[in-house]
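Report on the following structure.
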Amino acid sequence: MPDNAAIARDLIDSSQYLTLATADADGRPWASPVWFAHEEHVRFLWVSRPEARHSRNLAARPEAGIVIFDSTVRMGSGQAVYVEAGVEQLQGEDEERGIELFSARSEALGGSAWAPADVRDPAPLRLYRATAAAHWVLGARDERVPVNVG
């Protein structure tokens, strides 16, 4: 029997982008790829412009669906982590801790360092965090199987 929690954690650890699915106040859907960092496979951090469509959607409706997957595997062998989450724009101490985590992953992968000033006015970007309410992976019959990544 596969270790679904390990599959989910490995996919989250090895991926740099997630697909963020949002909807506006009228329910019109939108999906955006965003580069992310994570904390304990449960909290996902990214930076975006507040005026980006997905950010405006989250301001109106702070729930999101997330999919993390490896698009390079051959057809029929893919696996994905599906996440249902609440999203918030971070401020204060949460923002400081979040940008520290985001920066650490960025630097570990050859990117630049980030500081709170990079996500505060007058900077154009803000820091967002999705906190997972539930995770799933694909089961043997292509069904979603709930998984506890903790």
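As shown in the structure tokens, the chain order sets the letters A, B, ...; within each chain, residues go from 1, and ligands are also counted from 1 in the order they appear.
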Shell around Ala21 in chain A at 12 Å using only C-alpha atoms, local window under 3 positions removed, as a PyMOL selection string
chain A and resi 18+24+27-34+53-55+57-58+61-68+82-87+130
Per DSSP on the backbone, filter chain A down to the residues in strand (DSSP E or B) and report them as a VMD selection string.
chain A and resid 17 to 23 29 to 35 37 to 39 43 to 48 63 to 69 80 to 89 126 to 138 144 to 147
Sel. of alpha helix (DSSP H) residues, chain A, as a PyMOL selection string
chain A and resi 4-14+53-60+92-108
Mind checking which residues fall within 9 Å of range 145-147 of chain A, counting only C-alpha atoms, ignoring those fewer than 3 positions away in the same chain, and posting them as a CSV table (one decimal) with C-alpha atoms, in the first residue's frame?
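Final output, saved to result-v7.csv:
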chain,number,residue,atom,x,y,z
A,4,ASN,CA,0.1,8.7,0.5
A,5,ALA,CA,1.4,11.2,3.1
A,8,ALA,CA,2.2,14.4,-0.8
A,134,ALA,CA,-7.5,19.4,3.7
A,135,HIS,CA,-5.1,17.5,1.4
A,136,TRP,CA,-5.7,14.8,-1.1
A,137,VAL,CA,-3.6,12.7,-3.5
A,138,LEU,CA,-4.7,10.5,-6.4
A,139,GLY,CA,-5.5,6.9,-5.5
Residues within 8 Å of Ile99 in chain A, only C-alpha atoms, excluding chain neighbours under 2 positions, as a count of residues only
10
Have a look at A:Val81, A:Val119, A:Ala59, A:Ala140 and name the one nearest to Ala23 in chain A; count only C-alpha atoms.
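When distances to Ala23 in chain A are compared using only C-alpha atoms, the smallest one comes from A:Ala59.
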For Gly78 in chain A: contacts at 10 Å, only C-alpha atoms, fewer than 5 positions along chain excluded, given as an MDAnalysis selection string
chainID A and resid 69:73 138
Nearest to Leu20 in chain A by atom-to-atom distance, counting only C-alpha atoms, from A:Glu40, A:Tyr128, A:Leu90, A:Met75:
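Once distances to Leu20 in chain A are computed over only C-alpha atoms, the minimum belongs to A:Tyr128.
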Spatial neighbours of His41 in chain A, 10 Å, only C-alpha atoms, chain gap at least 5 places, as a PDB file with C-alpha atoms, in the first residue's frame:
ATOM      1  CA  ALA A   8       2.202  14.385  -0.808  1.00  0.00           C
ATOM      2  CA  ARG A   9       5.175  15.671   1.180  1.00  0.00           C
ATOM      3  CA  ASP A  10       7.647  14.668  -1.555  1.00  0.00           C
ATOM      4  CA  LEU A  11       5.622  16.445  -4.246  1.00  0.00           C
ATOM      5  CA  ILE A  12       5.358  19.609  -2.140  1.00  0.00           C
ATOM      6  CA  ASP A  13       9.085  19.520  -1.325  1.00  0.00           C
ATOM      7  CA  THR A 131      -3.439  27.460   5.168  1.00  0.00           C
ATOM      8  CA  ALA A 132      -4.627  24.013   4.204  1.00  0.00           C
ATOM      9  CA  HIS A 135      -5.065  17.541   1.410  1.00  0.00           C
ATOM     10  CA  ASN A 148      -2.770  13.805   6.569  1.00  0.00           C
ATOM     11  CA  VAL A 149       0.644  15.284   5.764  1.00  0.00           C
ATOM     12  CA  GLY A 150       1.502  15.864   9.442  1.00  0.00           C
TER      13      GLY A 150
END
Hey, which of A:Arg144, A:Glu39, A:Glu100, A:Ala60 ends up closest to Ala113 in chain A? Count only C-alpha atoms.
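Using only C-alpha atoms, Ala113 in chain A sits closest to A:Glu100.
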Smallest atom-to-atom distance to Ala37 in chain A: which of A:Ser106, A:Thr22, A:Gln89, A:Gln79, using only C-alpha atoms?
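Between A:Ser106, A:Thr22, A:Gln89, A:Gln79, the residue approaching Ala37 in chain A most closely is A:Ser106.
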Which one is closest to Ala80 in chain A: A:Ala123, A:Ile7, A:Ala25, A:Ala104? Count only C-alpha atoms.
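For Ala80 in chain A, the nearest of the given residues is A:Ile7.
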Check the smallest atom-to-atom distance from each of A:Asp121, A:Asp26, A:Glu51, A:Glu143 to Gln91 in chain A using only C-alpha atoms, then report the winner.
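The closest residue to Gln91 in chain A is A:Asp121.
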